[in-house]
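See below for the structure under consideration.
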Amino acid sequence: MDDVLVVGAGPTGLAIAAALSDTGLRVAGLSATAPTKPWQNTYGVWLDELPAPELRATLGYRWSDVVVHAGRRTIPLRREYGLFDNRRLQQYLLERGERRGVVWHTGVAAAVEHCASHSLVTTRDGCVFAARLVVDASGHSPALLRRPTASQVARQAAYGIVGECSTPPVQPGQMVLMDYRADHLTPEEQREPPTFLYAMDLGDGQFFVEETSLAHVPGVPLSTLERRLRRRLDAGGVAVQRVAHIERCLFPMNNPLPYLDQPMIGFGGAASMVHPPSGYMVGKALRRAPEVAQAIAQALGATGATPLSAARAGWQALWSPARLRRRQLYLFGLASLMRCDSVTIQAFFESFFSLPRREWMGYLSDTLSTTELVRTMLRLFARVPGKVRRTLIAAAGAEHALLRRAAFGQV
């Protein structure tokens, strides 16, 4: 019997499997498809978030010229950004696990049964896998993990193109984190949920351009994003001449946390690890996997260890009371932004990126303490223009439950 069975072989599943195997635990994986199947989406990361120097070799691209366009300003961020080469990252994580004996099985997890000393996972084909602890890393709609039903799920949506363009859509060697400018839209459209351009020069005449909705309930239709991207490019005199890849993304930003008292643990989207201010998760998963793995290994090494005791230790490492408080504050920030129209959100980000560098970096990377996060949010409130401040005040009235849960560290 294995110590841990990891369900799911996306970036977060491979990350937690590798980290668990690094502790000396016997780890097996279960994936609906082969763990070597290519990942379709792109994954970005700030280089200072990478937890180990060797992970830099898994990047396909990196930029030091990173900017934000908001209002009439172009804001240089002076922070290095990278895109993972999915094949390299996948291979790195798989090989790291294989060196420690991780074996992956193919099958769709259908049910889990928790016994006194272990858990049993049954696949749709009737295969049964036993492990002292199960980690569900199967995505935003987890295969086995239980979570409350959500009524209002905000989704980030994006439509992107990798290809060759008639005219460069960004400056040579540049990466645009956000371009919220909306002069190409009608006044009526500018009152609709705002979207921004996420774009980068990939070199050799290749560019990645993506129209993104940070979050909306329900998600902005991909057809709307495609139309807006075409209009934005047309307004800039840019024609896409050859398409190498089309990316379509739609995922939840504010899924409720799973029940933290169940005798198994989640990781990645299954554990609602998406960072509400940005939608990023892979960098966070790579950083958090070692500490969660160490907590699980220590719990499984204790006398009389059970799936419940190991899961409790893992959940505590993943979602401590302090992290629960910060999550509620971040969710409040997200709810506030969803109230903004195009003009208001541009004014917001002009003020946000004028904060001290350590503060906006910490906010985007989830590295601030709770006290620092509150101080940053108050400083931002004092800086924003009156229209933005009124939007934040309205959000505080409507989203008082989030602030109350932040104060008491509730899920």
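Chain identifiers are assigned as A, B, and so on, following the order in which chains appear in the structure tokens; residues are numbered from 1 within each chain, and ligands are numbered from 1 in order of appearance.
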
Which of segment 151-378 of chain A DSSP labels strand (DSSP E or B), written as a PyMOL selection string
chain A and resi 155-165+174-179+196-203+206-216+240-252+265-266

So which residues touch segment 147-161 of chain A within 9 Å, counting only C-alpha atoms, skipping near sequence neighbours fewer than 3 positions away, as an MDAnalysis selection string?
chainID A and resid 142 198:199 207:223 225:226 229 240 243:260 279 335 338

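Between Met200 of chain A and the candidates A:Val112, A:Cys127, A:Met175, A:Ala18, the tightest atom-to-atom separation, counting only C-alpha atoms, involves A:Met175.
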
Which residue, A:Leu337, A:Gly268, A:Thr36, A:Gly44, has the smallest gap to Leu145 of chain A when you use only C-alpha atoms?
A:Gly268

Using DSSP assignments from the backbone, pull out every residue in segment 124-231 of chain A that falls under alpha helix (DSSP H) and give it to me as a PyMOL selection string.
chain A and resi 187-190+222-231

Output for the residues just chosen: N, CA, C and O atoms as a tab-separated table (two decimals), in the first residue's frame:
chain	number	residue	atom	x	y	z
A	187	PRO	N	-19.20	53.94	-26.05
A	187	PRO	CA	-19.51	54.30	-24.66
A	187	PRO	C	-20.37	53.24	-23.98
A	187	PRO	O	-20.19	52.97	-22.78
A	188	GLU	N	-21.30	52.65	-24.72
A	188	GLU	CA	-22.14	51.61	-24.12
A	188	GLU	C	-21.30	50.39	-23.74
A	188	GLU	O	-21.47	49.81	-22.67
A	189	GLU	N	-20.39	50.00	-24.62
A	189	GLU	CA	-19.54	48.84	-24.34
A	189	GLU	C	-18.61	49.11	-23.17
A	189	GLU	O	-18.27	48.19	-22.42
A	190	GLN	N	-18.21	50.35	-23.01
A	190	GLN	CA	-17.31	50.68	-21.90
A	190	GLN	C	-18.01	50.59	-20.54
A	190	GLN	O	-17.35	50.59	-19.51
A	222	LEU	N	-16.63	33.67	-24.34
A	222	LEU	CA	-15.39	33.67	-25.13
A	222	LEU	C	-15.61	34.34	-26.48
A	222	LEU	O	-14.69	34.94	-27.04
A	223	SER	N	-16.82	34.26	-27.02
A	223	SER	CA	-17.11	34.92	-28.29
A	223	SER	C	-16.98	36.44	-28.15
A	223	SER	O	-16.52	37.12	-29.08
A	224	THR	N	-17.39	36.96	-27.00
A	224	THR	CA	-17.24	38.40	-26.74
A	224	THR	C	-15.77	38.78	-26.66
A	224	THR	O	-15.33	39.80	-27.21
A	225	LEU	N	-14.98	37.95	-25.99
A	225	LEU	CA	-13.56	38.23	-25.86
A	225	LEU	C	-12.85	38.15	-27.20
A	225	LEU	O	-11.97	38.96	-27.51
A	226	GLU	N	-13.24	37.18	-28.03
A	226	GLU	CA	-12.64	37.08	-29.36
A	226	GLU	C	-12.96	38.32	-30.18
A	226	GLU	O	-12.08	38.89	-30.85
A	227	ARG	N	-14.20	38.76	-30.13
A	227	ARG	CA	-14.60	39.95	-30.89
A	227	ARG	C	-13.85	41.18	-30.39
A	227	ARG	O	-13.36	41.99	-31.18
A	228	ARG	N	-13.72	41.30	-29.07
A	228	ARG	CA	-13.01	42.46	-28.53
A	228	ARG	C	-11.53	42.44	-28.88
A	228	ARG	O	-10.93	43.49	-29.15
A	229	LEU	N	-10.93	41.26	-28.89
A	229	LEU	CA	-9.53	41.17	-29.26
A	229	LEU	C	-9.34	41.59	-30.71
A	229	LEU	O	-8.41	42.36	-31.03
A	230	ARG	N	-10.20	41.13	-31.61
A	230	ARG	CA	-10.10	41.50	-33.02
A	230	ARG	C	-10.25	43.01	-33.19
A	230	ARG	O	-9.52	43.64	-33.96
A	231	ARG	N	-11.19	43.59	-32.45
A	231	ARG	CA	-11.42	45.04	-32.58
A	231	ARG	C	-10.24	45.82	-32.02
A	231	ARG	O	-9.85	46.86	-32.57

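We find atom CA of Val108 of chain A and atom CA of Met273 of chain A to be spaced 22.4 Å apart.
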
Closest to Gln206 of chain A among A:Tyr61, A:Pro277, A:Gly236, A:Arg288, using only C-alpha atoms?
A:Tyr61

Exercise: Val343 of chain A partners within 10 Å, only C-alpha atoms, chain neighbours under 5 positions left out, as a ChimeraX atom specification:
/A:70-71,180-182,190-191,194,348,387-388

Save out the residues we just selected, N, CA, C and O atoms, as an mmCIF file, in the first residue's frame.
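What ended up in result-v5.cif:
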data_model
loop_
_atom_site.group_PDB
_atom_site.id
_atom_site.type_symbol
_atom_site.label_atom_id
_atom_site.label_comp_id
_atom_site.auth_asym_id
_atom_site.auth_seq_id
_atom_site.Cartn_x
_atom_site.Cartn_y
_atom_site.Cartn_z
ATOM 1 N N ALA A 70 -2.882 51.787 -18.245
ATOM 2 C CA ALA A 70 -4.134 52.123 -17.552
ATOM 3 C C ALA A 70 -4.368 53.619 -17.702
ATOM 4 O O ALA A 70 -3.473 54.427 -17.404
ATOM 5 N N GLY A 71 -5.558 53.994 -18.167
ATOM 6 C CA GLY A 71 -5.822 55.405 -18.416
ATOM 7 C C GLY A 71 -4.891 55.888 -19.507
ATOM 8 O O GLY A 71 -4.734 55.272 -20.554
ATOM 9 N N TYR A 180 -5.842 47.989 -20.149
ATOM 10 C CA TYR A 180 -7.280 48.181 -19.980
ATOM 11 C C TYR A 180 -7.831 49.298 -20.874
ATOM 12 O O TYR A 180 -9.012 49.622 -20.792
ATOM 13 N N ARG A 181 -6.983 49.909 -21.687
ATOM 14 C CA ARG A 181 -7.470 51.000 -22.527
ATOM 15 C C ARG A 181 -8.612 50.510 -23.417
ATOM 16 O O ARG A 181 -8.567 49.403 -23.955
ATOM 17 N N ALA A 182 -9.623 51.353 -23.545
ATOM 18 C CA ALA A 182 -10.849 50.905 -24.219
ATOM 19 C C ALA A 182 -11.373 51.939 -25.202
ATOM 20 O O ALA A 182 -12.574 52.001 -25.466
ATOM 21 N N GLN A 190 -18.208 50.352 -23.006
ATOM 22 C CA GLN A 190 -17.309 50.678 -21.899
ATOM 23 C C GLN A 190 -18.006 50.590 -20.544
ATOM 24 O O GLN A 190 -17.348 50.593 -19.506
ATOM 25 N N ARG A 191 -19.328 50.517 -20.568
ATOM 26 C CA ARG A 191 -20.067 50.310 -19.318
ATOM 27 C C ARG A 191 -20.293 48.826 -19.036
ATOM 28 O O ARG A 191 -20.784 48.461 -17.968
ATOM 29 N N PRO A 194 -15.404 45.238 -17.922
ATOM 30 C CA PRO A 194 -14.159 45.585 -18.613
ATOM 31 C C PRO A 194 -13.288 44.372 -18.883
ATOM 32 O O PRO A 194 -13.306 43.392 -18.139
ATOM 33 N N PHE A 348 -8.347 52.614 -10.840
ATOM 34 C CA PHE A 348 -7.940 51.757 -9.729
ATOM 35 C C PHE A 348 -6.519 51.257 -9.934
ATOM 36 O O PHE A 348 -5.673 51.343 -9.037
ATOM 37 N N LYS A 387 -14.277 58.498 -7.399
ATOM 38 C CA LYS A 387 -15.213 57.539 -7.986
ATOM 39 C C LYS A 387 -14.841 56.115 -7.589
ATOM 40 O O LYS A 387 -15.715 55.289 -7.296
ATOM 41 N N VAL A 388 -13.540 55.824 -7.569
ATOM 42 C CA VAL A 388 -13.103 54.486 -7.170
ATOM 43 C C VAL A 388 -13.394 54.267 -5.695
ATOM 44 O O VAL A 388 -13.849 53.184 -5.289
#

For Gly203 of chain A, please output as a PyMOL selection string all residues within 12 Å (counting only C-alpha atoms; exclusion window: fewer than 2 positions along the same chain).
chain A and resi 60-63+162-165+168+170-175+200-201+205-208

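Counting only C-alpha atoms, the residue from A:Ser351, A:Ser365, A:Thr12, A:Gln91 that sits nearest to Tyr280 of chain A is A:Ser365.
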
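Residues within 12 Å of Val384 of chain A, counting only C-alpha atoms and excluding same-chain residues fewer than 2 positions away, are Thr344, Ile345, Gln346, Ala347, Phe348, Phe349, Glu350, Ser351, Phe352, Phe353, Ser354, Leu355, Met377, Leu378, Arg379, Leu380, Phe381, Ala382, Gly386, Lys387, Val388, Arg389, Arg390, Thr391, Leu392 and Ile393 of chain A.
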
So that I have them on file, write out the residues from the current selection with N, CA, C and O atoms, as a short mmCIF file (atom, residue, chain, number, x, y, z; two decimals), in the first residue's frame.
data_model
loop_
_atom_site.label_atom_id
_atom_site.label_comp_id
_atom_site.auth_asym_id
_atom_site.auth_seq_id
_atom_site.Cartn_x
_atom_site.Cartn_y
_atom_site.Cartn_z
N THR A 344 -13.36 53.28 -14.28
CA THR A 344 -13.06 53.12 -12.85
C THR A 344 -11.93 52.13 -12.64
O THR A 344 -11.05 52.34 -11.80
N ILE A 345 -11.94 51.04 -13.38
CA ILE A 345 -10.91 50.02 -13.14
C ILE A 345 -9.54 50.51 -13.61
O ILE A 345 -8.51 50.16 -13.00
N GLN A 346 -9.51 51.35 -14.64
CA GLN A 346 -8.23 51.92 -15.04
C GLN A 346 -7.69 52.86 -13.97
O GLN A 346 -6.49 52.85 -13.66
N ALA A 347 -8.57 53.65 -13.39
CA ALA A 347 -8.15 54.54 -12.30
C ALA A 347 -7.68 53.73 -11.10
O ALA A 347 -6.71 54.10 -10.42
N PHE A 348 -8.35 52.61 -10.84
CA PHE A 348 -7.94 51.76 -9.73
C PHE A 348 -6.52 51.26 -9.93
O PHE A 348 -5.67 51.34 -9.04
N PHE A 349 -6.22 50.72 -11.12
CA PHE A 349 -4.90 50.14 -11.34
C PHE A 349 -3.81 51.21 -11.46
O PHE A 349 -2.65 50.93 -11.13
N GLU A 350 -4.16 52.41 -11.90
CA GLU A 350 -3.18 53.49 -11.85
C GLU A 350 -2.74 53.72 -10.40
O GLU A 350 -1.55 53.89 -10.12
N SER A 351 -3.70 53.71 -9.48
CA SER A 351 -3.37 53.91 -8.07
C SER A 351 -2.68 52.68 -7.48
O SER A 351 -1.74 52.80 -6.70
N PHE A 352 -3.13 51.50 -7.87
CA PHE A 352 -2.58 50.27 -7.31
C PHE A 352 -1.09 50.17 -7.62
O PHE A 352 -0.27 49.87 -6.73
N PHE A 353 -0.70 50.43 -8.85
CA PHE A 353 0.70 50.28 -9.22
C PHE A 353 1.55 51.49 -8.84
O PHE A 353 2.75 51.51 -9.10
N SER A 354 0.92 52.48 -8.19
CA SER A 354 1.69 53.57 -7.61
C SER A 354 2.00 53.32 -6.14
O SER A 354 2.70 54.12 -5.50
N LEU A 355 1.48 52.22 -5.59
CA LEU A 355 1.82 51.82 -4.23
C LEU A 355 3.30 51.50 -4.15
O LEU A 355 3.95 51.22 -5.17
N MET A 377 -4.24 47.65 1.76
CA MET A 377 -5.59 47.95 1.27
C MET A 377 -6.06 49.32 1.75
O MET A 377 -6.70 50.07 1.00
N LEU A 378 -5.72 49.68 2.98
CA LEU A 378 -6.09 51.00 3.50
C LEU A 378 -5.31 52.10 2.79
O LEU A 378 -5.86 53.17 2.49
N ARG A 379 -4.04 51.85 2.52
CA ARG A 379 -3.23 52.84 1.80
C ARG A 379 -3.81 53.07 0.39
O ARG A 379 -3.89 54.19 -0.09
N LEU A 380 -4.20 51.97 -0.24
CA LEU A 380 -4.79 52.09 -1.58
C LEU A 380 -6.10 52.86 -1.52
O LEU A 380 -6.35 53.72 -2.38
N PHE A 381 -6.92 52.59 -0.54
CA PHE A 381 -8.20 53.29 -0.38
C PHE A 381 -7.97 54.80 -0.27
O PHE A 381 -8.74 55.60 -0.82
N ALA A 382 -6.92 55.18 0.43
CA ALA A 382 -6.63 56.61 0.59
C ALA A 382 -6.12 57.25 -0.68
O ALA A 382 -6.25 58.47 -0.88
N GLY A 386 -11.98 59.73 -6.17
CA GLY A 386 -13.26 59.66 -5.48
C GLY A 386 -14.22 58.64 -6.05
O GLY A 386 -14.89 57.92 -5.29
N LYS A 387 -14.28 58.50 -7.40
CA LYS A 387 -15.21 57.54 -7.99
C LYS A 387 -14.84 56.12 -7.59
O LYS A 387 -15.71 55.29 -7.30
N VAL A 388 -13.54 55.82 -7.57
CA VAL A 388 -13.10 54.49 -7.17
C VAL A 388 -13.39 54.27 -5.69
O VAL A 388 -13.85 53.18 -5.29
N ARG A 389 -13.17 55.31 -4.88
CA ARG A 389 -13.41 55.17 -3.44
C ARG A 389 -14.89 54.89 -3.18
O ARG A 389 -15.24 54.07 -2.34
N ARG A 390 -15.77 55.55 -3.92
CA ARG A 390 -17.20 55.29 -3.74
C ARG A 390 -17.55 53.86 -4.12
O ARG A 390 -18.41 53.21 -3.49
N THR A 391 -16.89 53.33 -5.15
CA THR A 391 -17.12 51.94 -5.55
C THR A 391 -16.67 50.99 -4.45
O THR A 391 -17.36 50.01 -4.14
N LEU A 392 -15.53 51.28 -3.83
CA LEU A 392 -15.03 50.43 -2.75
C LEU A 392 -15.94 50.49 -1.53
O LEU A 392 -16.16 49.49 -0.85
N ILE A 393 -16.46 51.68 -1.24
CA ILE A 393 -17.38 51.82 -0.11
C ILE A 393 -18.66 51.02 -0.36
O ILE A 393 -19.18 50.33 0.52
#

Tell me, as JSON, numbers by chain, which residues lie within 10 Å of Gly362 of chain A, counting only C-alpha atoms; anything in the same chain fewer than 6 positions away does not count.
{"A": [368, 369, 372, 373, 376]}

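Our summary of the geometry notes that atom CA of Ala285 of chain A is positioned 7.8 Å from atom CA of Phe267 of chain A.
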
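If you measure from each of A:Leu14, A:Leu30, A:Ala271, A:Leu25 to Arg146 of chain A using only C-alpha atoms, the closest one turns out to be A:Ala271.
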